[in-house]
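So this block is run-v4.cif, mmCIF, C-alpha atoms and all ligand atoms:
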```
data_final
#
loop_
_atom_site.group_PDB
_atom_site.id
_atom_site.type_symbol
_atom_site.label_atom_id
_atom_site.label_comp_id
_atom_site.auth_asym_id
_atom_site.auth_seq_id
_atom_site.Cartn_x
_atom_site.Cartn_y
_atom_site.Cartn_z
ATOM 1 C CA MET A 1 0.000 0.000 0.000
ATOM 2 C CA THR A 2 1.403 3.385 -0.970
ATOM 3 C CA ILE A 3 0.565 6.272 1.278
ATOM 4 C CA ASN A 4 1.321 9.973 1.102
ATOM 5 C CA ILE A 5 1.400 11.926 4.344
ATOM 6 C CA ILE A 6 2.153 15.379 5.674
ATOM 7 C CA LEU A 7 3.916 15.881 8.994
ATOM 8 C CA LEU A 8 2.678 19.061 10.640
ATOM 9 C CA GLY A 9 3.907 20.824 13.737
ATOM 10 C CA PRO A 10 6.082 23.714 14.848
ATOM 11 C CA PRO A 11 9.839 23.781 14.270
ATOM 12 C CA GLY A 12 11.560 21.326 16.600
ATOM 13 C CA ALA A 13 8.461 19.122 16.957
ATOM 14 C CA GLY A 14 10.382 16.122 15.611
ATOM 15 C CA LYS A 15 9.015 16.016 12.046
ATOM 16 C CA GLY A 16 12.438 15.299 10.536
ATOM 17 C CA THR A 17 13.203 12.528 13.028
ATOM 18 C CA GLN A 18 9.892 10.770 12.418
ATOM 19 C CA ALA A 19 10.191 11.258 8.664
ATOM 20 C CA ARG A 20 13.596 9.547 8.640
ATOM 21 C CA ARG A 21 12.143 6.610 10.579
ATOM 22 C CA LEU A 22 9.347 6.220 8.056
ATOM 23 C CA VAL A 23 11.947 6.237 5.285
ATOM 24 C CA GLU A 24 13.927 3.465 6.994
ATOM 25 C CA GLU A 25 10.971 1.353 8.021
ATOM 26 C CA ARG A 26 8.716 1.733 5.005
ATOM 27 C CA GLY A 27 10.940 2.896 2.185
ATOM 28 C CA MET A 28 8.925 6.070 1.832
ATOM 29 C CA VAL A 29 10.432 9.203 0.280
ATOM 30 C CA GLN A 30 11.045 12.172 2.586
ATOM 31 C CA LEU A 31 10.452 15.522 0.952
ATOM 32 C CA SER A 32 11.803 18.171 3.306
ATOM 33 C CA THR A 33 11.684 21.645 1.796
ATOM 34 C CA GLY A 34 13.998 22.826 4.611
ATOM 35 C CA ASP A 35 16.636 20.253 3.538
ATOM 36 C CA MET A 36 16.159 21.165 -0.134
ATOM 37 C CA LEU A 37 16.605 24.857 0.612
ATOM 38 C CA ARG A 38 19.703 24.193 2.742
ATOM 39 C CA ALA A 39 21.160 22.087 -0.094
ATOM 40 C CA ALA A 40 20.467 24.920 -2.547
ATOM 41 C CA ARG A 41 22.242 27.323 -0.206
ATOM 42 C CA SER A 42 25.336 25.260 0.232
ATOM 43 C CA SER A 43 25.646 24.577 -3.474
ATOM 44 C CA GLY A 44 25.517 28.330 -4.075
ATOM 45 C CA THR A 45 22.763 28.294 -6.704
ATOM 46 C CA GLU A 46 20.940 31.524 -7.520
ATOM 47 C CA MET A 47 17.935 30.257 -5.620
ATOM 48 C CA GLY A 48 20.145 29.399 -2.656
ATOM 49 C CA LYS A 49 21.498 32.929 -2.541
ATOM 50 C CA LEU A 50 18.006 34.304 -2.816
ATOM 51 C CA VAL A 51 16.648 32.377 0.150
ATOM 52 C CA ALA A 52 19.647 32.392 2.532
ATOM 53 C CA ASP A 53 18.810 35.681 4.148
ATOM 54 C CA VAL A 54 15.133 34.866 4.596
ATOM 55 C CA MET A 55 15.976 31.534 6.229
ATOM 56 C CA ASP A 56 18.487 33.077 8.601
ATOM 57 C CA ARG A 57 15.818 35.477 9.785
ATOM 58 C CA GLY A 58 13.445 32.618 10.512
ATOM 59 C CA GLN A 59 10.936 33.746 7.898
ATOM 60 C CA LEU A 60 9.254 31.745 5.181
ATOM 61 C CA VAL A 61 10.581 31.767 1.630
ATOM 62 C CA THR A 62 8.065 32.397 -1.140
ATOM 63 C CA ASP A 63 5.375 29.861 -1.952
ATOM 64 C CA GLU A 64 6.500 29.906 -5.589
ATOM 65 C CA ILE A 65 9.996 28.661 -4.742
ATOM 66 C CA VAL A 66 8.973 25.800 -2.447
ATOM 67 C CA ILE A 67 6.100 24.682 -4.667
ATOM 68 C CA GLY A 68 8.594 24.540 -7.571
ATOM 69 C CA LEU A 69 10.947 22.383 -5.498
ATOM 70 C CA ILE A 70 8.175 19.983 -4.506
ATOM 71 C CA ARG A 71 6.898 19.730 -8.070
ATOM 72 C CA GLU A 72 10.365 18.679 -9.296
ATOM 73 C CA LYS A 73 10.662 15.986 -6.621
ATOM 74 C CA LEU A 74 7.187 14.605 -7.222
ATOM 75 C CA GLU A 75 7.961 14.313 -10.909
ATOM 76 C CA GLU A 76 10.957 12.115 -10.031
ATOM 77 C CA GLY A 77 8.461 9.638 -8.567
ATOM 78 C CA GLY A 78 8.722 7.367 -5.552
ATOM 79 C CA LYS A 79 6.898 4.991 -3.300
ATOM 80 C CA GLY A 80 4.878 7.057 -0.871
ATOM 81 C CA PHE A 81 5.850 10.589 0.085
ATOM 82 C CA ILE A 82 6.326 12.181 3.487
ATOM 83 C CA PHE A 83 5.957 15.937 3.244
ATOM 84 C CA ASP A 84 8.137 17.336 6.006
ATOM 85 C CA GLY A 85 7.981 21.101 6.552
ATOM 86 C CA PHE A 86 5.689 21.508 3.532
ATOM 87 C CA PRO A 87 3.040 22.824 3.139
ATOM 88 C CA ARG A 88 3.559 25.762 5.464
ATOM 89 C CA THR A 89 0.885 28.114 4.101
ATOM 90 C CA LEU A 90 -2.670 27.696 2.859
ATOM 91 C CA ALA A 91 -1.494 28.533 -0.673
ATOM 92 C CA GLN A 92 1.064 25.717 -0.462
ATOM 93 C CA ALA A 93 -1.614 23.326 0.808
ATOM 94 C CA ASP A 94 -3.845 24.166 -2.169
ATOM 95 C CA ALA A 95 -0.918 23.783 -4.557
ATOM 96 C CA LEU A 96 -0.033 20.394 -3.071
ATOM 97 C CA GLY A 97 -3.598 19.189 -3.495
ATOM 98 C CA LYS A 98 -3.514 20.201 -7.155
ATOM 99 C CA LEU A 99 -0.094 18.668 -7.810
ATOM 100 C CA LEU A 100 -1.122 15.354 -6.281
ATOM 101 C CA ALA A 101 -4.363 15.321 -8.240
ATOM 102 C CA GLU A 102 -2.508 16.085 -11.510
ATOM 103 C CA MET A 103 -0.282 13.093 -10.855
ATOM 104 C CA GLY A 104 -3.116 10.784 -9.946
ATOM 105 C CA MET A 105 -2.099 10.669 -6.303
ATOM 106 C CA LYS A 106 -3.845 11.614 -3.112
ATOM 107 C CA LEU A 107 -3.066 12.592 0.429
ATOM 108 C CA ASP A 108 -3.766 9.932 3.048
ATOM 109 C CA ALA A 109 -3.176 11.875 6.254
ATOM 110 C CA ALA A 110 -1.854 15.101 7.730
ATOM 111 C CA ILE A 111 -0.310 14.164 11.049
ATOM 112 C CA GLU A 112 0.091 16.850 13.670
ATOM 113 C CA LEU A 113 2.860 16.384 16.203
ATOM 114 C CA LYS A 114 1.423 18.198 19.198
ATOM 115 C CA VAL A 115 4.090 19.761 21.381
ATOM 116 C CA ASP A 116 4.571 22.169 24.213
ATOM 117 C CA ASP A 117 6.154 25.450 23.001
ATOM 118 C CA GLU A 118 8.396 25.896 26.015
ATOM 119 C CA ALA A 119 9.909 22.467 25.555
ATOM 120 C CA LEU A 120 10.643 23.320 21.926
ATOM 121 C CA VAL A 121 13.167 26.009 22.770
ATOM 122 C CA ALA A 122 15.011 23.523 24.986
ATOM 123 C CA ARG A 123 14.998 20.987 22.124
ATOM 124 C CA ILE A 124 16.417 23.498 19.689
ATOM 125 C CA VAL A 125 19.234 24.445 22.064
ATOM 126 C CA LYS A 126 19.962 20.723 22.519
ATOM 127 C CA ARG A 127 19.975 20.148 18.739
ATOM 128 C CA ALA A 128 22.538 22.945 18.332
ATOM 129 C CA GLU A 129 24.703 21.535 21.157
ATOM 130 C CA GLU A 130 24.595 18.018 19.706
ATOM 131 C CA SER A 131 25.647 19.305 16.293
ATOM 132 C CA LEU A 132 28.542 21.200 17.874
ATOM 133 C CA ALA A 133 29.687 18.136 19.845
ATOM 134 C CA ALA A 134 29.515 15.973 16.701
ATOM 135 C CA GLY A 135 31.523 18.547 14.764
ATOM 136 C CA GLU A 136 28.576 19.134 12.452
ATOM 137 C CA PRO A 137 27.550 22.566 11.240
ATOM 138 C CA VAL A 138 25.015 24.258 13.499
ATOM 139 C CA ARG A 139 21.950 25.666 11.760
ATOM 140 C CA LYS A 140 22.054 29.439 11.843
ATOM 141 C CA ASP A 141 18.345 29.529 12.589
ATOM 142 C CA ASP A 142 18.692 27.271 15.652
ATOM 143 C CA THR A 143 19.289 30.108 18.102
ATOM 144 C CA PRO A 144 16.651 31.059 20.693
ATOM 145 C CA GLU A 145 16.204 34.468 19.004
ATOM 146 C CA VAL A 146 15.607 33.216 15.470
ATOM 147 C CA PHE A 147 13.626 30.305 16.844
ATOM 148 C CA ALA A 148 11.120 32.734 18.366
ATOM 149 C CA ASP A 149 10.588 34.212 14.891
ATOM 150 C CA ARG A 150 10.190 30.764 13.347
ATOM 151 C CA LEU A 151 7.554 29.936 15.949
ATOM 152 C CA ARG A 152 5.699 33.176 15.199
ATOM 153 C CA GLU A 153 5.727 32.358 11.492
ATOM 154 C CA TYR A 154 4.342 28.931 12.341
ATOM 155 C CA TYR A 155 1.385 30.289 14.301
ATOM 156 C CA LYS A 156 0.647 33.016 11.795
ATOM 157 C CA LYS A 157 0.960 31.068 8.552
ATOM 158 C CA THR A 158 1.134 27.326 9.196
ATOM 159 C CA ALA A 159 -1.179 26.664 12.137
ATOM 160 C CA PRO A 160 -4.241 27.506 9.962
ATOM 161 C CA LEU A 161 -3.441 24.292 8.068
ATOM 162 C CA LEU A 162 -4.637 22.330 11.099
ATOM 163 C CA GLY A 163 -8.144 23.635 10.460
ATOM 164 C CA TYR A 164 -7.713 23.082 6.726
ATOM 165 C CA TYR A 165 -6.856 19.398 7.111
ATOM 166 C CA TYR A 166 -9.404 18.922 9.873
ATOM 167 C CA ALA A 167 -12.018 20.113 7.396
ATOM 168 C CA THR A 168 -10.804 17.713 4.698
ATOM 169 C CA GLY A 169 -10.914 14.863 7.223
ATOM 170 C CA ASP A 170 -7.184 14.185 6.867
ATOM 171 C CA LEU A 171 -5.958 15.526 10.216
ATOM 172 C CA ARG A 172 -4.572 13.041 12.764
ATOM 173 C CA GLN A 173 -2.995 14.121 16.031
ATOM 174 C CA VAL A 174 -0.186 12.452 17.941
ATOM 175 C CA ASP A 175 1.627 13.362 21.157
ATOM 176 C CA GLY A 176 4.891 14.889 19.983
ATOM 177 C CA MET A 177 6.125 15.181 23.573
ATOM 178 C CA ALA A 178 6.216 11.404 24.020
ATOM 179 C CA ALA A 179 9.436 9.390 23.595
ATOM 180 C CA MET A 180 10.562 8.940 19.993
ATOM 181 C CA ASP A 181 9.431 5.277 19.770
ATOM 182 C CA GLU A 182 6.051 6.118 21.246
ATOM 183 C CA VAL A 183 5.546 8.938 18.738
ATOM 184 C CA ALA A 184 6.428 6.499 15.945
ATOM 185 C CA ALA A 185 3.908 3.987 17.333
ATOM 186 C CA GLN A 186 1.201 6.633 17.495
ATOM 187 C CA ILE A 187 1.923 7.620 13.890
ATOM 188 C CA ALA A 188 1.664 3.985 12.796
ATOM 189 C CA ALA A 189 -1.630 3.678 14.667
ATOM 190 C CA ALA A 190 -2.914 6.896 13.075
ATOM 191 C CA LEU A 191 -2.089 5.426 9.675
ATOM 192 C CA GLY A 192 -3.935 2.282 10.616
ATOM 193 C CA THR A 193 -0.801 0.191 10.339
ATOM 194 C CA GLU A 194 0.660 -1.258 13.531
ATOM 195 C CA THR A 195 3.763 -2.660 11.863
ATOM 196 C CA ALA A 196 6.331 -1.490 9.363
ATOM 197 C CA GLN A 197 4.949 -3.877 6.712
ATOM 198 C CA ALA A 198 2.321 -1.456 5.521
HETATM 199 P P1 LIG B 201 12.896 23.608 8.377
HETATM 200 O O1 LIG B 201 14.137 22.830 8.218
HETATM 201 O O2 LIG B 201 11.691 22.880 7.875
HETATM 202 O O3 LIG B 201 12.711 24.130 9.772
HETATM 203 O O4 LIG B 201 13.042 24.893 7.429
HETATM 204 C C1 LIG B 201 14.067 25.837 7.615
HETATM 205 C C2 LIG B 201 13.705 27.153 6.929
HETATM 206 O O5 LIG B 201 13.531 26.934 5.522
HETATM 207 C C3 LIG B 201 12.400 27.780 7.382
HETATM 208 O O6 LIG B 201 12.540 28.552 8.560
HETATM 209 C C4 LIG B 201 12.044 28.634 6.163
HETATM 210 O O7 LIG B 201 12.839 29.792 6.097
HETATM 211 C C5 LIG B 201 12.458 27.726 5.010
HETATM 212 N N1 LIG B 201 11.366 26.799 4.603
HETATM 213 C C6 LIG B 201 11.369 25.444 4.689
HETATM 214 N N2 LIG B 201 10.230 24.921 4.203
HETATM 215 C C7 LIG B 201 9.478 25.973 3.788
HETATM 216 C C8 LIG B 201 8.194 26.098 3.205
HETATM 217 N N3 LIG B 201 7.438 25.012 2.947
HETATM 218 N N4 LIG B 201 7.750 27.344 2.908
HETATM 219 C C9 LIG B 201 8.483 28.429 3.157
HETATM 220 N N5 LIG B 201 9.704 28.398 3.720
HETATM 221 C C10 LIG B 201 10.207 27.177 4.034
#
```

Would you kindly transcribe this structure into structure tokens?
Ligand code: AMP
Amino acid sequence: MTINIILLGPPGAGKGTQARRLVEERGMVQLSTGDMLRAARSSGTEMGKLVADVMDRGQLVTDEIVIGLIREKLEEGGKGFIFDGFPRTLAQADALGKLLAEMGMKLDAAIELKVDDEALVARIVKRAEESLAAGEPVRKDDTPEVFADRLREYYKKTAPLLGYYYATGDLRQVDGMAAMDEVAAQIAAALGTETAQA
């Protein structure tokens, strides 16, 4: 069974972590617009230069750019997509619906990782410290100051998607504050598949 899902939730909610698990366990394809934009930045493309500043300020890049990125990836094909960090605006949600329909695909669920805002800041600080200790580059937008702006962007522009997907009947909610394995189990249950052999 091929399923296409969106992971929703504020920055630091654990979308990337859960997406990577789904890739490993089910062979799904993770489409993270944040990762795509960071790759564009580090390869120095025109688009990368264009978005670097916006990202460092914790703001959203234009709908046009991210929709273009997602379109390209969908055209490459794959077995079940996990949209991670996309859509982030109502316009992106509409565009995704159209793209999927054009390709004869549909969305199976939009899973919200429900988290406590205060705990998020602590998670972000931890993520930055872990990267430092591992000698990996630290994301410029993983500072408490920029994080506050990212959270504001989330509530202003992305949180309305919860109502959008509630209305379409696709919204599922899981406890993003639970341990990583428990969150994964709740996601599997929300998808109606208790095991990895979906
Ligand atoms: P993320 O890794 O998902 O937290 O994304 C990092 C940054 O990339 C965000 O703060 C935005 O500046 C940008 N970004 C990622 N995905 C999107 C999107 N779907 N729409 C607009 N901006 C995005």

- [ ] With all atoms listed in the file counted, which protein, DNA or RNA residues have an atom no more than 7 Å from (10.5, 20.5, 18.3) in the file frame? Please answer as a ChimeraX atom specification.
- [x] /A:10-14,120,123-124

Expected selection from the PyMOL selection byres (((not hetatm)) within 9 of (chain B and resi 201)), given as a PDB file with C-alpha atoms, in the frame of the given file:
```
ATOM      1  CA  PRO A  10       6.082  23.714  14.848  1.00  0.00           C
ATOM      2  CA  PRO A  11       9.839  23.781  14.270  1.00  0.00           C
ATOM      3  CA  GLY A  12      11.560  21.326  16.600  1.00  0.00           C
ATOM      4  CA  LYS A  15       9.015  16.016  12.046  1.00  0.00           C
ATOM      5  CA  GLY A  16      12.438  15.299  10.536  1.00  0.00           C
ATOM      6  CA  SER A  32      11.803  18.171   3.306  1.00  0.00           C
ATOM      7  CA  THR A  33      11.684  21.645   1.796  1.00  0.00           C
ATOM      8  CA  GLY A  34      13.998  22.826   4.611  1.00  0.00           C
ATOM      9  CA  ASP A  35      16.636  20.253   3.538  1.00  0.00           C
ATOM     10  CA  MET A  36      16.159  21.165  -0.134  1.00  0.00           C
ATOM     11  CA  LEU A  37      16.605  24.857   0.612  1.00  0.00           C
ATOM     12  CA  ARG A  38      19.703  24.193   2.742  1.00  0.00           C
ATOM     13  CA  VAL A  51      16.648  32.377   0.150  1.00  0.00           C
ATOM     14  CA  ALA A  52      19.647  32.392   2.532  1.00  0.00           C
ATOM     15  CA  ASP A  53      18.810  35.681   4.148  1.00  0.00           C
ATOM     16  CA  VAL A  54      15.133  34.866   4.596  1.00  0.00           C
ATOM     17  CA  MET A  55      15.976  31.534   6.229  1.00  0.00           C
ATOM     18  CA  ASP A  56      18.487  33.077   8.601  1.00  0.00           C
ATOM     19  CA  ARG A  57      15.818  35.477   9.785  1.00  0.00           C
ATOM     20  CA  GLY A  58      13.445  32.618  10.512  1.00  0.00           C
ATOM     21  CA  GLN A  59      10.936  33.746   7.898  1.00  0.00           C
ATOM     22  CA  LEU A  60       9.254  31.745   5.181  1.00  0.00           C
ATOM     23  CA  VAL A  61      10.581  31.767   1.630  1.00  0.00           C
ATOM     24  CA  THR A  62       8.065  32.397  -1.140  1.00  0.00           C
ATOM     25  CA  ASP A  63       5.375  29.861  -1.952  1.00  0.00           C
ATOM     26  CA  GLU A  64       6.500  29.906  -5.589  1.00  0.00           C
ATOM     27  CA  ILE A  65       9.996  28.661  -4.742  1.00  0.00           C
ATOM     28  CA  VAL A  66       8.973  25.800  -2.447  1.00  0.00           C
ATOM     29  CA  ILE A  67       6.100  24.682  -4.667  1.00  0.00           C
ATOM     30  CA  ASP A  84       8.137  17.336   6.006  1.00  0.00           C
ATOM     31  CA  GLY A  85       7.981  21.101   6.552  1.00  0.00           C
ATOM     32  CA  PHE A  86       5.689  21.508   3.532  1.00  0.00           C
ATOM     33  CA  PRO A  87       3.040  22.824   3.139  1.00  0.00           C
ATOM     34  CA  ARG A  88       3.559  25.762   5.464  1.00  0.00           C
ATOM     35  CA  THR A  89       0.885  28.114   4.101  1.00  0.00           C
ATOM     36  CA  GLN A  92       1.064  25.717  -0.462  1.00  0.00           C
ATOM     37  CA  ARG A 139      21.950  25.666  11.760  1.00  0.00           C
ATOM     38  CA  ASP A 141      18.345  29.529  12.589  1.00  0.00           C
ATOM     39  CA  ASP A 142      18.692  27.271  15.652  1.00  0.00           C
ATOM     40  CA  VAL A 146      15.607  33.216  15.470  1.00  0.00           C
ATOM     41  CA  PHE A 147      13.626  30.305  16.844  1.00  0.00           C
ATOM     42  CA  ASP A 149      10.588  34.212  14.891  1.00  0.00           C
ATOM     43  CA  ARG A 150      10.190  30.764  13.347  1.00  0.00           C
ATOM     44  CA  GLU A 153       5.727  32.358  11.492  1.00  0.00           C
TER      45      GLU A 153
END
```

Task: Top pick for closest residue to A:Thr168, considering A:Gly135, A:Gly44, A:Gly97, A:Gly80 and counting all atoms listed in the file - done: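 Checking each of A:Gly135, A:Gly44, A:Gly97, A:Gly80 against A:Thr168, counting all atoms listed in the file, the winner is A:Gly97.
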
Open item on the list: Using the chain letters and numbers from this file, what does the PyMOL selection byres (((chain A and resi 105) around 12) and not hetatm) select? Give the answer as number ranges by chain.
Closed with: A: 2-5, 74-75, 77-81, 96-104, 106-108

Take the residues from that selection and put them in a file with C-alpha atoms, as a PDB file, in the frame of the given file.
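Everything below was put into again_7.pdb:
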```pdb
ATOM      1  CA  THR A   2       1.403   3.385  -0.970  1.00  0.00           C
ATOM      2  CA  ILE A   3       0.565   6.272   1.278  1.00  0.00           C
ATOM      3  CA  ASN A   4       1.321   9.973   1.102  1.00  0.00           C
ATOM      4  CA  ILE A   5       1.400  11.926   4.344  1.00  0.00           C
ATOM      5  CA  LEU A  74       7.187  14.605  -7.222  1.00  0.00           C
ATOM      6  CA  GLU A  75       7.961  14.313 -10.909  1.00  0.00           C
ATOM      7  CA  GLY A  77       8.461   9.638  -8.567  1.00  0.00           C
ATOM      8  CA  GLY A  78       8.722   7.367  -5.552  1.00  0.00           C
ATOM      9  CA  LYS A  79       6.898   4.991  -3.300  1.00  0.00           C
ATOM     10  CA  GLY A  80       4.878   7.057  -0.871  1.00  0.00           C
ATOM     11  CA  PHE A  81       5.850  10.589   0.085  1.00  0.00           C
ATOM     12  CA  LEU A  96      -0.033  20.394  -3.071  1.00  0.00           C
ATOM     13  CA  GLY A  97      -3.598  19.189  -3.495  1.00  0.00           C
ATOM     14  CA  LYS A  98      -3.514  20.201  -7.155  1.00  0.00           C
ATOM     15  CA  LEU A  99      -0.094  18.668  -7.810  1.00  0.00           C
ATOM     16  CA  LEU A 100      -1.122  15.354  -6.281  1.00  0.00           C
ATOM     17  CA  ALA A 101      -4.363  15.321  -8.240  1.00  0.00           C
ATOM     18  CA  GLU A 102      -2.508  16.085 -11.510  1.00  0.00           C
ATOM     19  CA  MET A 103      -0.282  13.093 -10.855  1.00  0.00           C
ATOM     20  CA  GLY A 104      -3.116  10.784  -9.946  1.00  0.00           C
ATOM     21  CA  LYS A 106      -3.845  11.614  -3.112  1.00  0.00           C
ATOM     22  CA  LEU A 107      -3.066  12.592   0.429  1.00  0.00           C
ATOM     23  CA  ASP A 108      -3.766   9.932   3.048  1.00  0.00           C
TER      24      ASP A 108
END
```

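Here atom CA of A:Ala119 is placed at a distance of 10.7 Å from atom CA of A:Gly176.
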
TODO: Report the distance between atom CA of A:Val121 and atom CA of A:Thr143 in Å, rounded to one decimal place.
DONE: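 For atom CA of A:Val121 relative to atom CA of A:Thr143, the distance reads 8.7 Å.
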
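Our summary of the geometry notes that atom CA of A:Tyr155 is positioned 9.8 Å from atom CA of A:Gly9.
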
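Of the residues under consideration (A:Glu72, A:Tyr165, A:Thr193, A:Val115), A:Val115 shows the shortest atom-to-atom contact distance to A:Ala179 when counting only C-alpha atoms.
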
- [ ] Determine, counting all atoms listed in the file, every residue of protein, DNA or RNA that lies within 6 Å of (-6.1, 12.2, 8.4) in the file coordinates, then give the result as an MDAnalysis selection string.
- [x] chainID A and resid 109:110 169:172

As lines of an AutoDock Vina configuration file, please: the centre and edge lengths in Å, to one decimal, of an axis-aligned box enclosing every listed atom of stretch 83-92 of chain A with 8 Å added on each side.
```
center_x = 2.7
center_y = 22.2
center_z = 2.9
size_x = 26.8
size_y = 28.6
size_z = 23.2
```

Open item on the list: as a list in words, please: the residues near A:Asp175 (cut-off 9 Å, all atoms listed in the file, same-chain neighbours under 3 positions excluded).
Closed with: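 The filter keeps Glu112, Leu113, Lys114, Val115, Ala178, Glu182, Val183 and Gln186 of chain A.
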
Open item on the list: Measuring between all atoms listed in the file, which one of A:Ser42, A:Val29, A:Pro160, A:Ile111 shows the shortest distance to A:Ile187?
Closed with: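 Nearest to A:Ile187: A:Ile111.
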
Open item on the list: Which residue is closest to A:Ile6? Choose from A:Leu22, A:Ile82, A:Ala190, A:Leu161 and count all atoms listed in the file.
Closed with: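 Among the listed residues, A:Ile82 lies closest to A:Ile6.
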
TODO: Considering only C-alpha atoms, state which residue in the set A:Phe83, A:Asp117, A:Arg20, A:Glu76 is at the smallest distance from A:Leu7.
DONE: A:Phe83

Any chance you could model N, CA and C atoms for stretch 75-91 of chain A and send them as a PDB file, keeping the file's coordinate frame?
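For reference, selection.pdb as written:
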```pdb
ATOM      1  N   GLU A  75       7.822  14.812  -9.535  1.00  0.00           N
ATOM      2  CA  GLU A  75       7.961  14.313 -10.909  1.00  0.00           C
ATOM      3  C   GLU A  75       8.999  13.203 -11.001  1.00  0.00           C
ATOM      4  N   GLU A  76       9.946  13.191 -10.038  1.00  0.00           N
ATOM      5  CA  GLU A  76      10.957  12.115 -10.031  1.00  0.00           C
ATOM      6  C   GLU A  76      10.331  10.791  -9.614  1.00  0.00           C
ATOM      7  N   GLY A  77       9.183  10.852  -8.969  1.00  0.00           N
ATOM      8  CA  GLY A  77       8.461   9.638  -8.567  1.00  0.00           C
ATOM      9  C   GLY A  77       8.991   9.042  -7.278  1.00  0.00           C
ATOM     10  N   GLY A  78       8.308   8.009  -6.803  1.00  0.00           N
ATOM     11  CA  GLY A  78       8.722   7.367  -5.552  1.00  0.00           C
ATOM     12  C   GLY A  78       7.571   6.587  -4.968  1.00  0.00           C
ATOM     13  N   LYS A  79       7.906   5.860  -3.896  1.00  0.00           N
ATOM     14  CA  LYS A  79       6.898   4.991  -3.300  1.00  0.00           C
ATOM     15  C   LYS A  79       6.389   5.586  -1.992  1.00  0.00           C
ATOM     16  N   GLY A  80       5.430   6.469  -2.081  1.00  0.00           N
ATOM     17  CA  GLY A  80       4.878   7.057  -0.871  1.00  0.00           C
ATOM     18  C   GLY A  80       5.712   8.221  -0.390  1.00  0.00           C
ATOM     19  N   PHE A  81       5.105   9.388  -0.310  1.00  0.00           N
ATOM     20  CA  PHE A  81       5.850  10.589   0.085  1.00  0.00           C
ATOM     21  C   PHE A  81       5.500  11.028   1.495  1.00  0.00           C
ATOM     22  N   ILE A  82       6.533  11.540   2.185  1.00  0.00           N
ATOM     23  CA  ILE A  82       6.326  12.181   3.487  1.00  0.00           C
ATOM     24  C   ILE A  82       6.676  13.646   3.271  1.00  0.00           C
ATOM     25  N   PHE A  83       5.703  14.507   3.386  1.00  0.00           N
ATOM     26  CA  PHE A  83       5.957  15.937   3.244  1.00  0.00           C
ATOM     27  C   PHE A  83       6.325  16.468   4.614  1.00  0.00           C
ATOM     28  N   ASP A  84       7.576  16.933   4.717  1.00  0.00           N
ATOM     29  CA  ASP A  84       8.137  17.336   6.006  1.00  0.00           C
ATOM     30  C   ASP A  84       8.493  18.827   5.926  1.00  0.00           C
ATOM     31  N   GLY A  85       7.715  19.660   6.618  1.00  0.00           N
ATOM     32  CA  GLY A  85       7.981  21.101   6.552  1.00  0.00           C
ATOM     33  C   GLY A  85       7.314  21.743   5.341  1.00  0.00           C
ATOM     34  N   PHE A  86       6.478  21.030   4.684  1.00  0.00           N
ATOM     35  CA  PHE A  86       5.689  21.508   3.532  1.00  0.00           C
ATOM     36  C   PHE A  86       4.364  20.761   3.573  1.00  0.00           C
ATOM     37  N   PRO A  87       3.234  21.390   3.357  1.00  0.00           N
ATOM     38  CA  PRO A  87       3.040  22.824   3.139  1.00  0.00           C
ATOM     39  C   PRO A  87       3.133  23.617   4.442  1.00  0.00           C
ATOM     40  N   ARG A  88       3.466  24.880   4.307  1.00  0.00           N
ATOM     41  CA  ARG A  88       3.559  25.762   5.464  1.00  0.00           C
ATOM     42  C   ARG A  88       2.602  26.941   5.356  1.00  0.00           C
ATOM     43  N   THR A  89       1.890  27.055   4.255  1.00  0.00           N
ATOM     44  CA  THR A  89       0.885  28.114   4.101  1.00  0.00           C
ATOM     45  C   THR A  89      -0.340  27.493   3.425  1.00  0.00           C
ATOM     46  N   LEU A  90      -1.461  28.206   3.514  1.00  0.00           N
ATOM     47  CA  LEU A  90      -2.670  27.696   2.859  1.00  0.00           C
ATOM     48  C   LEU A  90      -2.470  27.600   1.348  1.00  0.00           C
ATOM     49  N   ALA A  91      -1.743  28.568   0.777  1.00  0.00           N
ATOM     50  CA  ALA A  91      -1.494  28.533  -0.673  1.00  0.00           C
ATOM     51  C   ALA A  91      -0.691  27.285  -1.038  1.00  0.00           C
TER      52      ALA A  91
END
```
